[in-house]
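These notes are about the structure you will find just below.
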Amino acid sequence: MAKAIGKISFLKPNKYQAFTAVPLADRTWPNKQITKAPIWCSVDLRDGNQALINPLSPDQKLELFATLCSLGFKEIEIGFPSASQVEYDFTRAIVENDLIPADVTPQVLCQAREPLIRKTFEALVGYKKVIFHLYNSTSTLQRRVVFNKSQAEITEIATSAVTLIKELAAKQNTEVILQYSPESFTGTELEFSKEICEAVMLSWGASPTKRMILNLPSTVELHTPNIHADQIEWFTRNVKNRDSYILSLHTHNDRGTGIASTELGLLAGADRVEGTLFGNGERTGNVDLVTLALNLFTQGIDPELDFSQIGKVRSIAERLTNLPVHERHPYAGDLVFTAFSGSHQDAIKKGLDLMKNNTPETNALWEVPYLPIDPNDIGRSYEAIIRINSQSGKGGIAFILENEFAYRLPKPMHPEVSQVIQLISDSTGKEISSLQIKEEFLDKFLNLKSPIKFLNFSHNPCPENPETVDCCLTAEIHGVEKIIYGNGNGPINACKHALAKLLPCNLSLTDFSQHALSSGSSSEAISYIQIKDLNHDFSCYGIGIDSNTDKASIKALISALNRALVKHAN
């Protein structure tokens, strides 16, 4: 027996403390809704790349850049050209080979240091338009621990850099949009973030006709998403000349709330979002642009990014980054459209059945329990929505058989089939594949041949009573071939009466259905028949498949009877 784990207090007094809330009693963001997509900027080629164990090769960067363009990104941070020769060469390669689409604006990252700024402008020769992303750290902690500088000295670093950028931009035939990031904004006093951003705007000469980007990085998540939203709303209210800057968010995921912080930040007034595909980035990652975009999609908002083939995007990202996308990752994970729970499976199946009645012309809302998005909309299929293990129910098994193998089981048959499949899952404790389900289903229900083996069947109208038919059934019963005759109001009923002459069963036919397994004249018919043994008060289903519809029905009757006889014998 496992030993119980006692309660252990690991929290050391005074080591951690709550983040101070923003004094914003009249906040307005809780009453707002996101109504349109933000300006998106992918930083996969920089933030994402620097966080990889094995950074991207030049060819891999080119492939990822092309992928980002094809997805609809109009702003892409291509790298840090002054940081290394590889970064510099990539910045040159995409312009020299004319690989930048006309509607895409590349962005380059640069620290507020003169040699790095000059090197960056060397890399930008030949660019028509570029976002120059300048940053320096402003947080209380980094000013004290890393730089040992005052607020005034930190501001001087930023404004001097802006003055140099402005000077170099004037000499170069490139349209330069300035983006400034007070790095670690979330750990910076709001008043100081206001002062330094206003100083940068003044140095640049920002105006309504020359807007710059103020990017507020949650470089490290330090607090709950509502405090982040309060910081953003405070900033938009207090920083001068709101019409002269685009407010951008750059959230990380240290607390696991990067998505929430970004969405609430948009409610609070932000215009733009920087992030990466599937959240790749330093430590716990950058905000995940795939999830953000598809969250908008589920609310009826055009995300202005194309994730209609999410599987292909995921495959490219996994191959290039060598990072797997988690099975439970929203929208893209292998298991996010999968239900093992019986009640979930039943609800999903019913919802999907109702949705089949809708057409594109009806413009019906997507309403399927447990599925906030139609998997087809992002290139996923229904095949893996329901999978079977020991927690699964009858509806899930029926879903698998219908959607993967076209067996449309009558609803009263679901419990009986479920009992057969659950015996396997209960004994193994593992998931059962759809192929295993099919094989077990057919083995236990289809064309059963013991103790009765179907050989042949024919019928004709009864001469004495045209409303009935006479049948001739040839079968092996306990290994002995017999020819038996019967009469009834149809082929199935006539066959039942013929068999009743030889077998110790008082049979009643309680359910019958039939459908084609495929379209076309050569398709086979599948029949489902339930019989009830009135002497022993139990029911059994059987199925039969044949190109002849009557023979399919008789095979189903015999399969059901064989199952009943086995039950009776046991």
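Letters for chains follow the order of the structure tokens (A, B, ...), residue numbers begin at 1 for each chain, and ligand numbers begin at 1 in the order shown.
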
Where in stretch 213-344 of chain A does DSSP assign helix (DSSP H, G or I), given as a PyMOL selection string?
chain A and resi 225-238+242-244+258-267+277-279+289-298+310-321+342-344

Near A:Glu439, within 12 Å and counting only C-alpha atoms, which residues show up once chain neighbours fewer than 6 positions away are dropped, as a short mmCIF file (atom, residue, chain, number, x, y, z; two decimals) with N, CA and C atoms, in the first residue's frame?
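In the end it all went to around-v8.cif:
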data_model
loop_
_atom_site.label_atom_id
_atom_site.label_comp_id
_atom_site.auth_asym_id
_atom_site.auth_seq_id
_atom_site.Cartn_x
_atom_site.Cartn_y
_atom_site.Cartn_z
N LEU A 401 -18.70 3.34 -35.55
CA LEU A 401 -19.16 2.38 -36.55
C LEU A 401 -19.86 3.08 -37.71
N PHE A 405 -17.19 3.44 -40.75
CA PHE A 405 -17.46 2.21 -41.51
C PHE A 405 -18.86 2.16 -42.10
N VAL A 420 -20.52 -5.65 -25.66
CA VAL A 420 -19.51 -6.50 -26.29
C VAL A 420 -18.15 -5.78 -26.31
N ILE A 421 -18.17 -4.51 -26.72
CA ILE A 421 -16.92 -3.75 -26.84
C ILE A 421 -16.33 -3.45 -25.46
N ILE A 424 -13.86 -5.81 -23.81
CA ILE A 424 -12.45 -5.72 -24.21
C ILE A 424 -11.76 -4.59 -23.47
N ILE A 432 -9.29 1.34 -27.35
CA ILE A 432 -9.54 0.37 -28.41
C ILE A 432 -9.56 1.12 -29.74
N SER A 433 -8.85 0.64 -30.72
CA SER A 433 -8.82 1.31 -32.02
C SER A 433 -10.14 1.08 -32.74
N PHE A 445 -21.61 -10.21 -34.38
CA PHE A 445 -22.97 -9.94 -34.85
C PHE A 445 -23.22 -10.33 -36.31
N LEU A 446 -22.19 -10.42 -37.15
CA LEU A 446 -22.40 -10.53 -38.59
C LEU A 446 -22.34 -11.97 -39.09
#

Neighbours of A:Gln142 within 12 Å (only C-alpha atoms; same-chain residues fewer than 5 positions away dropped), as a PyMOL selection string?
chain A and resi 136-137+147-151+154+182-185+187-188+219

Rank A:Ile34, A:Ala25, A:Leu305, A:Leu294 by their smallest atom-to-atom distance to A:Lys74, using only C-alpha atoms, and report the top residue only.
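When distances to A:Lys74 are compared using only C-alpha atoms, the smallest one comes from A:Leu305.
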
Which residues are close to stretch 555-564 of chain A, i.e. within 7 Å by only C-alpha atoms, leaving aside same-chain residues fewer than 2 positions away? Reply as a PyMOL selection string.
chain A and resi 445-448+450-452+454+527-531+540-544+551-553+566-568

Of the listed residues A:Leu267, A:Ala229, A:Leu64, A:Leu52, that which approaches A:Asn31 most closely, counting only C-alpha atoms:
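Using only C-alpha atoms, the shortest distance to A:Asn31 belongs to A:Leu267.
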
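Shortest separation to A:His252 among A:Asp426, A:Asp550, A:Glu221, A:Asp44 occurs at residue A:Glu221, atoms counted being only C-alpha atoms.
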
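The space between atom CA of A:Ser418 and atom CA of A:Asp511 spans 17.8 Å.
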
Can you list, as a VMD selection string, every protein, DNA or RNA residue that comes within 8 Å of A:Val130 when you count only C-alpha atoms, leaving out same-chain residues fewer than 5 positions away?
chain A and resid 105 to 108 174 to 177

Considering only C-alpha atoms, return as a count of residues only whatever protein or nucleic-acid residues lie within 9 Å of A:Asp230, sequence-local ones (same chain, fewer than 2 positions apart) excluded.
17

Rounded to one decimal place, report the atom CA of A:Leu45-atom CA of A:Glu77 distance in Å.
6.4 Å

Which residues come within 8 Å of A:Ser458, counting only C-alpha atoms, excluding same-chain residues fewer than 5 positions away, as a ChimeraX atom specification?
/A:471-473

Expected file: the selected residues, C-alpha atoms, as a compact mmCIF listing (two decimals), in the first residue's frame:
# COMPACT_ATOMS: atom_id res chain seq x y z
CA CYS A 471 -40.12 -19.72 -48.48
CA CYS A 472 -37.52 -22.43 -48.86
CA LEU A 473 -34.50 -22.16 -46.57

Of the candidates A:Asp374, A:Glu318, A:Asp103, A:Asp254, which shows the shortest atom-to-atom distance to A:Leu56, using only C-alpha atoms?
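Distance minimum relative to A:Leu56 lands on A:Glu318.
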
Between A:His250, A:His515, A:Lys171, A:Arg144, single out the one closest to A:Asp47, counting only C-alpha atoms.
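Nearest to A:Asp47: A:His250.
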
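Distance annotation: of A:Ile526, A:Leu190, A:Ile131, A:Leu71, the residue with the minimal separation from A:Leu277 is A:Leu71; atom set is only C-alpha atoms.
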